[in-house]
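Peer 1: Provided below: data_24.cif, containing mmCIF, C-alpha atoms.
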data_structure
loop_
_atom_site.label_atom_id
_atom_site.label_comp_id
_atom_site.auth_asym_id
_atom_site.auth_seq_id
_atom_site.Cartn_x
_atom_site.Cartn_y
_atom_site.Cartn_z
CA MET A 1 -17.17 -0.10 29.43
CA THR A 2 -16.00 -3.32 31.03
CA PRO A 3 -18.24 -6.18 29.89
CA GLN A 4 -19.91 -8.12 32.68
CA GLY A 5 -20.77 -11.77 32.25
CA THR A 6 -24.49 -12.57 32.45
CA PRO A 7 -24.72 -15.97 30.73
CA LYS A 8 -28.30 -16.65 31.84
CA THR A 9 -29.55 -13.50 30.09
CA GLY A 10 -27.49 -14.34 27.04
CA ALA A 11 -29.03 -17.80 26.86
CA ALA A 12 -32.53 -16.30 26.98
CA VAL A 13 -31.71 -13.80 24.21
CA LYS A 14 -30.27 -16.58 22.09
CA ALA A 15 -33.27 -18.86 22.68
CA ALA A 16 -35.74 -16.13 21.65
CA ASP A 17 -33.69 -15.37 18.56
CA ARG A 18 -33.59 -18.99 17.48
CA ALA A 19 -37.31 -19.40 18.11
CA HIS A 20 -38.56 -16.29 16.32
CA VAL A 21 -35.98 -14.28 14.30
CA PHE A 22 -35.63 -15.09 10.61
CA HIS A 23 -32.13 -14.00 9.56
CA SER A 24 -31.15 -12.56 6.18
CA TRP A 25 -28.96 -14.38 3.64
CA SER A 26 -28.93 -17.53 5.80
CA ALA A 27 -30.00 -21.14 6.01
CA GLN A 28 -31.80 -20.73 9.30
CA GLY A 29 -30.83 -24.08 10.79
CA LEU A 30 -27.14 -23.69 10.00
CA ILE A 31 -26.41 -20.42 11.79
CA ASP A 32 -25.41 -19.70 15.37
CA PRO A 33 -25.78 -15.95 16.01
CA LEU A 34 -23.72 -14.45 18.79
CA ALA A 35 -25.87 -12.84 21.49
CA VAL A 36 -24.50 -9.31 21.87
CA ALA A 37 -24.81 -7.57 25.24
CA GLY A 38 -23.39 -4.16 24.38
CA ALA A 39 -21.06 -2.07 22.28
CA GLU A 40 -19.00 1.09 22.59
CA GLY A 41 -16.48 2.73 20.28
CA SER A 42 -14.66 0.07 18.27
CA TYR A 43 -15.68 -2.85 20.51
CA PHE A 44 -18.68 -5.01 21.33
CA TRP A 45 -19.14 -7.84 23.82
CA ASP A 46 -21.27 -10.87 24.53
CA TYR A 47 -23.10 -12.03 27.67
CA ASP A 48 -20.20 -14.24 28.71
CA GLY A 49 -17.98 -11.17 29.03
CA ASN A 50 -15.97 -11.76 25.86
CA ARG A 51 -15.01 -8.50 24.14
CA TYR A 52 -14.32 -8.19 20.40
CA LEU A 53 -12.57 -5.50 18.40
CA ASP A 54 -14.95 -4.91 15.51
CA PHE A 55 -13.06 -4.96 12.22
CA THR A 56 -16.41 -5.04 10.38
CA SER A 57 -17.98 -1.78 11.61
CA GLY A 58 -21.25 -3.69 11.85
CA LEU A 59 -21.78 -4.14 8.13
CA VAL A 60 -19.36 -1.34 7.32
CA PHE A 61 -21.65 1.33 8.74
CA THR A 62 -20.51 2.33 12.25
CA ASN A 63 -18.11 4.89 10.83
CA ILE A 64 -17.95 6.80 14.13
CA GLY A 65 -18.07 3.66 16.27
CA TYR A 66 -20.81 2.49 18.58
CA GLN A 67 -22.71 4.73 21.01
CA HIS A 68 -21.07 8.05 20.23
CA PRO A 69 -22.49 10.22 23.04
CA LYS A 70 -23.20 13.27 20.87
CA VAL A 71 -25.22 11.27 18.36
CA VAL A 72 -27.07 9.37 21.08
CA ALA A 73 -27.94 12.72 22.70
CA ALA A 74 -29.16 14.13 19.37
CA ILE A 75 -31.49 11.16 18.86
CA GLN A 76 -32.81 11.56 22.40
CA GLU A 77 -33.37 15.28 21.91
CA GLN A 78 -35.16 14.73 18.61
CA ALA A 79 -37.34 12.03 20.16
CA ALA A 80 -38.36 14.43 22.89
CA THR A 81 -39.26 17.11 20.31
CA MET A 82 -40.70 15.20 17.34
CA THR A 83 -40.32 11.46 17.01
CA THR A 84 -41.76 11.23 13.50
CA PHE A 85 -43.55 13.18 10.81
CA ALA A 86 -44.76 12.52 7.27
CA PRO A 87 -42.28 13.18 4.45
CA ALA A 88 -44.42 15.76 2.59
CA PHE A 89 -43.66 18.42 5.22
CA ALA A 90 -40.59 20.57 5.84
CA VAL A 91 -38.98 19.37 9.06
CA GLU A 92 -35.90 20.96 10.60
CA ALA A 93 -33.87 17.76 11.07
CA ARG A 94 -34.66 16.66 7.50
CA SER A 95 -33.82 20.02 5.96
CA GLU A 96 -30.58 20.33 7.89
CA ALA A 97 -29.46 16.79 7.05
CA ALA A 98 -30.10 17.45 3.35
CA ARG A 99 -28.17 20.72 3.52
CA LEU A 100 -25.16 19.14 5.21
CA ILE A 101 -25.05 16.25 2.74
CA ALA A 102 -25.42 18.58 -0.27
CA GLU A 103 -22.52 20.68 1.02
CA ARG A 104 -20.29 17.62 0.71
CA THR A 105 -21.45 16.16 -2.59
CA PRO A 106 -19.54 17.23 -5.73
CA GLY A 107 -20.69 19.55 -8.49
CA ASP A 108 -24.37 20.47 -8.52
CA LEU A 109 -25.72 17.40 -6.72
CA ASP A 110 -27.69 19.63 -4.37
CA LYS A 111 -31.05 17.86 -4.10
CA ILE A 112 -31.40 14.96 -1.68
CA PHE A 113 -34.06 12.24 -1.86
CA PHE A 114 -34.12 10.31 1.42
CA THR A 115 -34.70 6.56 1.71
CA ASN A 116 -34.49 4.03 4.52
CA GLY A 117 -31.26 2.44 3.30
CA GLY A 118 -28.88 1.76 0.46
CA ALA A 119 -30.96 -0.69 -1.57
CA GLU A 120 -33.87 1.76 -1.72
CA ALA A 121 -31.44 4.51 -2.69
CA VAL A 122 -30.27 2.43 -5.66
CA GLU A 123 -33.85 1.49 -6.52
CA ASN A 124 -34.91 5.14 -6.73
CA ALA A 125 -31.73 6.35 -8.45
CA ILE A 126 -32.32 3.87 -11.27
CA ARG A 127 -35.96 4.92 -11.50
CA MET A 128 -34.84 8.54 -11.84
CA ALA A 129 -32.31 7.66 -14.54
CA ARG A 130 -34.84 5.68 -16.56
CA LEU A 131 -37.47 8.42 -16.40
CA HIS A 132 -34.93 11.16 -17.12
CA THR A 133 -33.57 9.44 -20.23
CA GLY A 134 -36.67 7.61 -21.41
CA ARG A 135 -34.53 4.49 -21.67
CA HIS A 136 -34.75 1.24 -19.72
CA LYS A 137 -31.47 -0.67 -19.77
CA VAL A 138 -28.85 -0.36 -17.01
CA LEU A 139 -25.24 -1.60 -17.05
CA SER A 140 -23.58 -2.86 -13.88
CA ALA A 141 -20.36 -4.66 -12.99
CA TYR A 142 -20.05 -8.37 -12.27
CA ARG A 143 -18.05 -7.70 -9.11
CA SER A 144 -20.60 -5.56 -7.29
CA TYR A 145 -23.28 -5.40 -4.64
CA HIS A 146 -26.11 -2.87 -4.78
CA GLY A 147 -28.74 -4.17 -2.35
CA GLY A 148 -31.49 -6.71 -1.80
CA THR A 149 -34.58 -5.06 -3.30
CA ASN A 150 -35.81 -6.11 -6.73
CA THR A 151 -33.91 -3.71 -9.01
CA ALA A 152 -30.89 -3.55 -6.71
CA ILE A 153 -30.46 -7.31 -6.49
CA ASN A 154 -30.77 -7.64 -10.26
CA LEU A 155 -28.02 -5.02 -10.62
CA THR A 156 -25.82 -6.89 -8.15
CA GLY A 157 -23.06 -9.07 -9.52
CA ASP A 158 -22.32 -11.41 -6.63
CA PRO A 159 -24.01 -14.80 -6.03
CA ARG A 160 -26.71 -13.38 -3.77
CA ARG A 161 -28.36 -12.31 -7.03
CA TRP A 162 -28.68 -15.76 -8.52
CA ALA A 163 -31.81 -16.97 -6.72
CA SER A 164 -33.74 -13.79 -7.54
CA ASP A 165 -32.37 -12.87 -10.96
CA SER A 166 -35.32 -12.58 -13.30
CA GLY A 167 -33.12 -12.27 -16.36
CA ALA A 168 -35.59 -9.69 -17.66
CA ALA A 169 -34.92 -6.63 -15.57
CA GLY A 170 -33.16 -4.62 -18.25
CA VAL A 171 -29.71 -5.24 -16.75
CA ALA A 172 -26.54 -6.02 -18.70
CA ARG A 173 -23.19 -6.61 -17.02
CA PHE A 174 -19.59 -5.83 -17.77
CA TRP A 175 -16.18 -6.44 -16.25
CA ALA A 176 -14.80 -3.54 -14.26
CA PRO A 177 -11.01 -3.24 -13.81
CA PHE A 178 -9.29 -5.56 -11.33
CA LEU A 179 -5.63 -5.98 -12.22
CA TYR A 180 -4.90 -8.83 -9.78
CA ARG A 181 -7.46 -11.00 -11.58
CA SER A 182 -7.55 -9.10 -14.86
CA PRO A 183 -10.13 -10.34 -17.38
CA PHE A 184 -8.23 -8.30 -19.98
CA HIS A 185 -4.79 -9.99 -19.63
CA ALA A 186 -3.36 -6.63 -18.57
CA THR A 187 0.02 -6.35 -16.87
CA THR A 188 -0.15 -2.72 -15.69
CA GLU A 189 -2.80 -0.43 -14.22
CA ALA A 190 -2.66 1.70 -17.39
CA GLU A 191 -3.35 -1.34 -19.59
CA GLU A 192 -6.16 -2.49 -17.28
CA CYS A 193 -7.78 0.94 -17.40
CA GLU A 194 -7.54 1.28 -21.18
CA ARG A 195 -8.83 -2.22 -21.87
CA ALA A 196 -11.63 -2.00 -19.30
CA LEU A 197 -12.88 1.23 -20.86
CA LYS A 198 -12.73 -0.29 -24.36
CA HIS A 199 -14.67 -3.31 -23.09
CA LEU A 200 -17.28 -1.04 -21.49
CA GLU A 201 -17.71 0.98 -24.66
CA ASP A 202 -18.08 -2.20 -26.68
CA THR A 203 -20.75 -3.34 -24.23
CA ILE A 204 -22.61 -0.04 -24.61
CA VAL A 205 -22.47 -0.24 -28.40
CA PHE A 206 -23.53 -3.88 -28.64
CA GLU A 207 -26.31 -3.44 -26.08
CA GLY A 208 -27.52 -0.45 -28.10
CA ALA A 209 -26.41 2.89 -26.69
CA ALA A 210 -29.83 4.42 -27.29
CA THR A 211 -31.36 1.83 -24.95
CA VAL A 212 -29.01 2.41 -22.00
CA ALA A 213 -30.35 4.69 -19.26
CA ALA A 214 -27.55 4.36 -16.72
CA ILE A 215 -24.26 2.84 -15.73
CA ILE A 216 -24.00 2.10 -12.02
CA LEU A 217 -20.68 1.50 -10.28
CA GLU A 218 -19.53 1.43 -6.69
CA SER A 219 -16.86 4.15 -6.59
CA VAL A 220 -14.77 1.59 -4.72
CA PRO A 221 -16.47 -1.83 -4.70
CA GLY A 222 -17.12 -2.95 -1.14
CA THR A 223 -18.32 -6.47 -0.43
CA ALA A 224 -17.08 -7.58 -3.85
CA GLY A 225 -13.47 -7.01 -2.81
CA ILE A 226 -12.40 -3.36 -2.29
CA MET A 227 -10.76 -3.00 -5.70
CA THR A 228 -9.74 0.64 -6.00
CA PRO A 229 -10.16 1.66 -9.65
CA PRO A 230 -7.02 2.54 -11.62
CA PRO A 231 -6.30 6.21 -12.32
CA GLY A 232 -8.41 7.47 -15.19
CA TYR A 233 -11.06 4.76 -15.09
CA LEU A 234 -13.95 6.65 -13.47
CA PRO A 235 -13.28 9.81 -15.53
CA GLY A 236 -13.22 7.53 -18.57
CA VAL A 237 -16.62 6.11 -17.63
CA ARG A 238 -17.89 9.66 -17.16
CA ALA A 239 -16.70 10.52 -20.69
CA LEU A 240 -18.47 7.46 -22.13
CA CYS A 241 -21.68 8.44 -20.36
CA ASP A 242 -21.43 11.95 -21.77
CA ARG A 243 -20.74 10.60 -25.27
CA TYR A 244 -23.79 8.34 -25.31
CA GLY A 245 -26.23 10.34 -23.17
CA ILE A 246 -26.12 7.87 -20.28
CA VAL A 247 -26.66 8.73 -16.60
CA LEU A 248 -23.70 7.89 -14.35
CA VAL A 249 -24.72 6.57 -10.94
CA LEU A 250 -21.98 6.13 -8.34
CA ASP A 251 -22.89 3.93 -5.40
CA GLU A 252 -21.27 5.34 -2.25
CA VAL A 253 -23.40 3.34 0.21
CA MET A 254 -20.38 1.59 1.69
CA ALA A 255 -17.48 3.77 0.52
CA GLY A 256 -18.98 7.12 1.51
CA PHE A 257 -18.81 9.33 4.60
CA GLY A 258 -15.16 8.99 5.50
CA ARG A 259 -14.55 5.33 4.81
CA THR A 260 -11.82 5.95 2.19
CA GLY A 261 -10.32 8.98 3.91
CA LYS A 262 -12.54 11.38 1.94
CA TRP A 263 -16.15 12.38 2.48
CA PHE A 264 -16.94 10.43 -0.70
CA ALA A 265 -14.67 7.91 -2.40
CA LEU A 266 -15.30 9.57 -5.77
CA GLU A 267 -13.20 12.53 -4.56
CA HIS A 268 -10.10 10.39 -5.09
CA TYR A 269 -10.86 10.14 -8.80
CA ASP A 270 -11.84 13.63 -9.95
CA VAL A 271 -15.27 12.64 -11.24
CA VAL A 272 -18.75 14.11 -10.82
CA PRO A 273 -21.61 11.65 -11.43
CA ASP A 274 -25.24 12.49 -12.14
CA LEU A 275 -26.55 10.60 -9.12
CA VAL A 276 -24.89 9.43 -5.90
CA THR A 277 -26.45 6.81 -3.63
CA PHE A 278 -25.55 6.79 0.07
CA ALA A 279 -26.56 5.19 3.38
CA LYS A 280 -24.64 3.41 6.17
CA GLY A 281 -22.01 5.94 7.34
CA VAL A 282 -24.27 8.97 6.80
CA ASN A 283 -25.38 8.51 10.42
CA SER A 284 -23.19 5.58 11.42
CA GLY A 285 -26.18 3.28 11.10
CA TYR A 286 -27.71 4.51 14.36
CA VAL A 287 -31.15 4.85 12.73
CA PRO A 288 -31.84 3.49 9.20
CA LEU A 289 -31.22 6.17 6.56
CA GLY A 290 -30.13 6.33 2.93
CA GLY A 291 -30.63 8.59 -0.02
CA VAL A 292 -29.85 9.83 -3.48
CA ALA A 293 -27.96 13.04 -4.25
CA ILE A 294 -29.36 14.41 -7.52
CA SER A 295 -27.80 16.65 -10.15
CA ALA A 296 -29.53 19.86 -11.24
CA GLU A 297 -30.32 18.45 -14.68
CA ILE A 298 -32.08 15.37 -13.34
CA ALA A 299 -33.84 17.36 -10.63
CA GLU A 300 -35.17 19.67 -13.36
CA THR A 301 -36.85 16.67 -15.03
CA PHE A 302 -39.15 16.44 -12.03
CA GLU A 303 -39.67 20.18 -11.49
CA HIS A 304 -43.12 20.09 -13.12
CA ARG A 305 -43.53 16.34 -13.49
CA PRO A 306 -44.16 14.25 -10.37
CA PHE A 307 -41.50 11.76 -9.40
CA PRO A 308 -43.40 8.48 -9.07
CA GLY A 309 -41.73 7.22 -5.93
CA GLY A 310 -41.82 7.70 -2.18
CA LEU A 311 -41.50 6.07 1.21
CA THR A 312 -43.55 6.46 4.38
CA TYR A 313 -40.40 7.05 6.41
CA SER A 314 -38.43 9.13 3.87
CA GLY A 315 -36.27 11.53 5.85
CA HIS A 316 -37.42 10.18 9.22
CA PRO A 317 -36.71 12.86 11.87
CA LEU A 318 -34.82 10.50 14.20
CA ALA A 319 -32.64 9.24 11.35
CA CYS A 320 -32.00 12.75 10.04
CA ALA A 321 -31.17 14.07 13.51
CA ALA A 322 -28.63 11.26 13.78
CA ALA A 323 -27.21 12.24 10.39
CA VAL A 324 -26.88 15.90 11.39
CA ALA A 325 -25.10 14.94 14.60
CA THR A 326 -22.86 12.40 12.85
CA ILE A 327 -21.74 14.81 10.15
CA ASN A 328 -21.05 17.51 12.73
CA VAL A 329 -19.10 15.05 14.91
CA MET A 330 -17.05 13.98 11.90
CA GLU A 331 -16.16 17.61 11.23
CA GLU A 332 -15.47 18.54 14.85
CA GLU A 333 -13.35 15.48 15.60
CA GLY A 334 -11.54 15.25 12.25
CA ILE A 335 -12.81 11.73 11.67
CA VAL A 336 -12.38 11.80 7.87
CA GLU A 337 -8.79 12.91 8.37
CA GLN A 338 -8.34 10.21 11.02
CA ALA A 339 -9.47 7.56 8.54
CA ALA A 340 -6.93 8.81 6.00
CA HIS A 341 -4.18 8.87 8.64
CA ILE A 342 -4.90 5.38 9.97
CA GLY A 343 -4.98 4.01 6.44
CA ALA A 344 -1.75 5.60 5.27
CA ASN A 345 0.29 5.23 8.44
CA VAL A 346 -1.02 2.14 10.24
CA LEU A 347 -3.17 -0.17 8.12
CA GLU A 348 -1.35 -0.03 4.78
CA PRO A 349 2.19 -0.48 6.12
CA GLY A 350 0.99 -2.99 8.70
CA LEU A 351 -0.93 -5.10 6.21
CA ARG A 352 1.94 -5.06 3.72
CA GLU A 353 4.32 -6.26 6.43
CA ILE A 354 1.90 -9.02 7.34
CA ALA A 355 1.62 -10.05 3.68
CA GLU A 356 5.38 -10.52 3.47
CA ARG A 357 5.21 -13.07 6.29
CA HIS A 358 2.28 -15.15 5.07
CA PRO A 359 2.13 -17.27 1.91
CA SER A 360 -1.68 -17.19 2.13
CA VAL A 361 -1.83 -13.46 1.33
CA GLY A 362 -1.95 -12.86 -2.39
CA GLU A 363 -2.71 -9.15 -2.46
CA VAL A 364 -3.26 -6.18 -0.14
CA ARG A 365 -5.45 -3.37 -1.49
CA GLY A 366 -7.49 -0.45 -0.25
CA THR A 367 -7.39 3.07 1.12
CA GLY A 368 -8.44 4.84 4.30
CA VAL A 369 -10.09 2.30 6.59
CA PHE A 370 -11.26 0.23 3.64
CA TRP A 371 -8.88 -2.67 2.97
CA ALA A 372 -8.95 -6.26 1.74
CA LEU A 373 -6.55 -9.16 1.96
CA GLU A 374 -6.94 -11.61 -0.94
CA LEU A 375 -6.15 -15.04 0.47
CA VAL A 376 -4.75 -17.69 -1.88
CA ARG A 377 -3.56 -21.27 -1.92
CA ASP A 378 -0.68 -20.38 -4.21
CA GLN A 379 0.81 -16.93 -4.66
CA GLU A 380 2.18 -17.84 -8.09
CA THR A 381 -1.03 -19.17 -9.63
CA ARG A 382 -3.24 -16.90 -7.48
CA GLU A 383 -5.64 -19.77 -6.86
CA PRO A 384 -8.12 -18.54 -4.21
CA LEU A 385 -7.84 -20.10 -0.76
CA VAL A 386 -11.42 -21.35 -1.21
CA PRO A 387 -13.49 -21.69 -4.40
CA TYR A 388 -15.85 -18.96 -5.54
CA ASN A 389 -19.00 -18.91 -3.37
CA ALA A 390 -17.72 -21.88 -1.33
CA THR A 391 -19.83 -23.38 1.45
CA GLY A 392 -19.47 -26.22 3.93
CA ALA A 393 -16.29 -28.24 3.75
CA ASP A 394 -15.06 -26.27 0.74
CA ASN A 395 -15.03 -23.15 2.90
CA ALA A 396 -13.24 -24.77 5.84
CA PRO A 397 -9.95 -22.81 5.49
CA MET A 398 -11.73 -19.44 5.71
CA ALA A 399 -13.92 -20.69 8.55
CA ALA A 400 -10.83 -21.78 10.48
CA PHE A 401 -9.19 -18.42 9.87
CA GLY A 402 -12.30 -16.61 11.12
CA ALA A 403 -12.49 -18.79 14.23
CA ALA A 404 -8.85 -17.99 15.02
CA CYS A 405 -9.60 -14.26 14.81
CA LYS A 406 -12.60 -14.51 17.12
CA LYS A 407 -10.76 -16.69 19.62
CA ASN A 408 -8.28 -13.85 20.13
CA GLY A 409 -10.85 -11.07 20.33
CA LEU A 410 -11.18 -9.80 16.75
CA TRP A 411 -14.42 -9.93 14.78
CA PRO A 412 -13.42 -10.21 11.09
CA PHE A 413 -15.29 -9.31 7.90
CA ILE A 414 -14.95 -12.39 5.69
CA ASN A 415 -16.34 -12.78 2.19
CA MET A 416 -15.37 -15.73 0.00
CA ASN A 417 -11.54 -15.89 -0.04
CA ARG A 418 -11.02 -12.43 1.42
CA THR A 419 -10.87 -10.78 4.79
CA HIS A 420 -11.72 -7.09 4.77
CA VAL A 421 -10.17 -4.69 7.25
CA VAL A 422 -12.91 -2.12 7.85
CA PRO A 423 -12.82 -0.76 11.41
CA PRO A 424 -14.60 2.47 12.38
CA CYS A 425 -13.19 5.60 10.77
CA ASN A 426 -12.21 6.91 14.22
CA VAL A 427 -10.37 3.74 15.25
CA THR A 428 -7.27 4.65 17.25
CA GLU A 429 -3.73 3.70 16.29
CA ALA A 430 -3.55 1.36 19.28
CA GLU A 431 -6.80 -0.37 18.31
CA ALA A 432 -5.74 -0.73 14.69
CA LYS A 433 -2.41 -2.23 15.72
CA GLU A 434 -4.20 -4.59 18.12
CA GLY A 435 -6.34 -5.82 15.26
CA LEU A 436 -3.37 -6.23 12.94
CA ALA A 437 -1.56 -8.34 15.52
CA ILE A 438 -4.53 -10.68 15.83
CA LEU A 439 -4.85 -10.91 12.04
CA ASP A 440 -1.14 -11.71 11.80
CA GLU A 441 -1.52 -14.64 14.17
CA ALA A 442 -4.76 -15.90 12.61
CA LEU A 443 -3.21 -15.98 9.15
CA THR A 444 -0.93 -18.79 10.28
CA VAL A 445 -4.08 -20.92 10.16
CA ALA A 446 -4.71 -19.88 6.56
CA ASP A 447 -1.07 -20.57 5.74
CA GLN A 448 -1.63 -24.25 6.57
CA HIS A 449 -3.82 -24.54 3.47
CA THR A 450 -1.29 -23.17 1.00
CA VAL A 451 0.80 -25.23 -1.37
#
Before anything else, please render the file you have as structure tokens.

Peer 2:
Amino acid sequence: MTPQGTPKTGAAVKAADRAHVFHSWSAQGLIDPLAVAGAEGSYFWDYDGNRYLDFTSGLVFTNIGYQHPKVVAAIQEQAATMTTFAPAFAVEARSEAARLIAERTPGDLDKIFFTNGGAEAVENAIRMARLHTGRHKVLSAYRSYHGGTNTAINLTGDPRRWASDSGAAGVARFWAPFLYRSPFHATTEAEECERALKHLEDTIVFEGAATVAAIILESVPGTAGIMTPPPGYLPGVRALCDRYGIVLVLDEVMAGFGRTGKWFALEHYDVVPDLVTFAKGVNSGYVPLGGVAISAEIAETFEHRPFPGGLTYSGHPLACAAAVATINVMEEEGIVEQAAHIGANVLEPGLREIAERHPSVGEVRGTGVFWALELVRDQETREPLVPYNATGADNAPMAAFGAACKKNGLWPFINMNRTHVVPPCNVTEAEAKEGLAILDEALTVADQHTV
């Protein structure tokens, strides 16, 4: 679609937003939300007619882009048949969505508990693990994000946790592997893997293995920086969980459903967890949906014992119809394969070429359509371009970089000193190259803040 300018309407939308909408994770008086008029495919546009290539996929959820006609039609058809129904009943859209998801999960994770999003998926997965084991403590990584509900935010490692951290939620944290900023003084991926696993086992032992219900990890951490784990790490965590009777929960909320060039990121690492949490890409975010894929052993725990959890909108028919259509579209159009192709043949070589030209780029990492550029002041010392959790003037270099992207028609995903490259999984080669060219130019602004 060609965006048409309607500034008067845009001003009215903006005024109503500022008067009445309370935005998440924000100081309300310091934000200036863009009024969005429409979206299609990999693009969206405002009421002034400015079009942006979306390198954020919303919040990394529009894996098939905006307004895919087959998914829109499926939602319309479901709405005409059955808009909603209580979760205690068997409903065709719900049953079919569960079947299609279970077909793609590894091992015997064949039972699906539906939620409204990723945080609730994590919340319920941890509840299952605690009840299954009879233990309370959960281990999570410092560099992580698991959601905004009570348990999920306490499991989260990033600064959004700080204001709500009760310090008494039964959570202990550990350092997951990240060679570029290794906490283990490693010099190779093999060293990082070995030392990270030793550190994790020490944490288990000193926390009291018999008290630990679960270890939760993002298969590939998302907002925290897209650090792909070194070979052997996730299987090593699986072995530790088996040794100490701990449930392994892999969080695939952001990394799942094609984002890494596989249906689930865990497929890259030859590991089968006990529970998998998902959301976002399961239906491209068209209607809120998340869930937990459950192993046979954990499902058996609740075969004759009620699971004490539920949601009014669990498995909502409109959301599940969108999931069925999305999964079928991804199969029919080879979208998972497209994500792998774009990553290997466009994004990775393009980003590495860009890095060679810009002193502000410290590292390029990722897979599929899930990439991060680590921006630094000094490539030798690896000092971040802005301090950890910077705001205001301290964050000015990243703000200037983001403004340069938007000025040229690219909407970037920026977190701390990183920009993430996370377009839809069905982004075309031409669109990906367009985005890379804009990033290349915008990085000259970041370069001005290097030493």

Peer 1: May I have the residues within 9 Å of stretch 137-142 of chain A as number ranges by chain, using all atoms listed in the file and disregarding those fewer than 5 positions away in the same chain?

Peer 2: A: 126, 130, 155-158, 169-176, 203-204, 207, 211-218, 224

Peer 1: Going by the chain IDs and residue numbers used in this file, which residues fall under the PyMOL selection byres ((chain A and resi 7) around 10)? Write them as a ChimeraX atom specification.

Peer 2: /A:4-6,8-13,35,46-49

Peer 1: Expand the PyMOL selection byres ((chain A and resi 251) around 6) into the explicit residue set it covers here, and present it as a PyMOL selection string.

Peer 2: chain A and resi 217-218+250+252-253+276-277

Peer 1: Determine the residue membership of the PyMOL selection byres ((chain A and resi 230) around 10) for the file above and supply it as a PyMOL selection string.

Peer 2: chain A and resi 177-179+188-194+227-229+231-234+269

Peer 1: Which one of A:Val21, A:Leu410, A:Leu439, A:Leu59 sits closest to A:Phe44 if you count only C-alpha atoms?

Peer 2: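 Smallest separation from A:Phe44 among the options: A:Leu410.
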
Peer 1: Quick one: of A:Pro359, A:Asp270, A:Ala74, A:Phe55, who's nearest to A:Gly402, counting all atoms listed in the file?

Peer 2: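 Of all the options, A:Phe55 lies closest to A:Gly402.
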
Peer 1: Determine the nearest neighbour of A:Leu197 from the options A:Ala299, A:Ala19, A:Ala279, A:Cys241, counting only C-alpha atoms.

Peer 2: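 Result for the nearest residue to A:Leu197: A:Cys241.
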
Peer 1: What's around stretch 302-319 of chain A at 7 Å? Count only C-alpha atoms, leave out sequence neighbours fewer than 4 positions away in its own chain, and write the answer as number ranges by chain.

Peer 2: A: 75, 78-79, 83-87, 93-94, 114-116, 287-289, 323

Peer 1: Counting only C-alpha atoms, which of A:Val336, A:Val329, A:Ala163, A:Leu351 gets nearest to A:Phe257?

Peer 2: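 Among the listed residues, A:Val336 lies closest to A:Phe257.
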
Peer 1: By how many Å are atom CA of A:Leu347 and atom CA of A:Ala442 apart?

Peer 2: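 Atom-to-atom, atom CA of A:Leu347 to atom CA of A:Ala442, that is 16.4 Å.
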
Peer 1: Select, from A:Met82, A:Ala432, A:Ala152, A:Ile246, the residue with the minimum atom-to-atom distance to A:Ser164, counting only C-alpha atoms.

Peer 2: A:Ala152

Peer 1: Show me, as a list in words, the residues that have an atom within 9 Å of A:Pro33 when counting all atoms listed in the file, minus same-chain residues fewer than 5 positions from it.

Peer 2: Lys14, Asp17 and Arg18 of chain A

Peer 1: Using all atoms listed in the file, which of A:Asn345, A:Asn283, A:Thr133, A:Asn154 sits nearest A:Gly368?

Peer 2: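 The shortest atom-to-atom distance to A:Gly368 comes from A:Asn345.
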
Peer 1: Please indicate the distance in Å from atom CA of A:Ala39 to atom CA of A:Pro3, rounded to one decimal place.

Peer 2: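 Straight-line distance from atom CA of A:Ala39 to atom CA of A:Pro3 works out to 9.1 Å.
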
Peer 1: Excluding A:Pro412 and its own-chain neighbours fewer than 2 positions away, which residues fall within 8 Å of it when counting only C-alpha atoms? Please give them as a ChimeraX atom specification.

Peer 2: /A:54-56,402,405-406,410,414,419-421

Peer 1: Would you compute the distance between atom CA of A:Ala339 and atom CA of A:Gly258? Give it in Å to one decimal.

Peer 2: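 Computing it gives 6.6 Å between the two atoms.
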
Peer 1: Would you list the contacts of stretch 428-430 of chain A as a ChimeraX atom specification, taking every protein, DNA or RNA residue within 8 Å and counting all atoms listed in the file, but skipping same-chain residues closer than 3 positions in sequence?

Peer 2: /A:342,346,433-434

Peer 1: May I have the protein, DNA and RNA residues with an atom at most 7 Å from (-22.5, 19.2, -9.1), counting only C-alpha atoms in the file's coordinates, returned as a PyMOL selection string?

Peer 2: chain A and resi 106-109+272+295
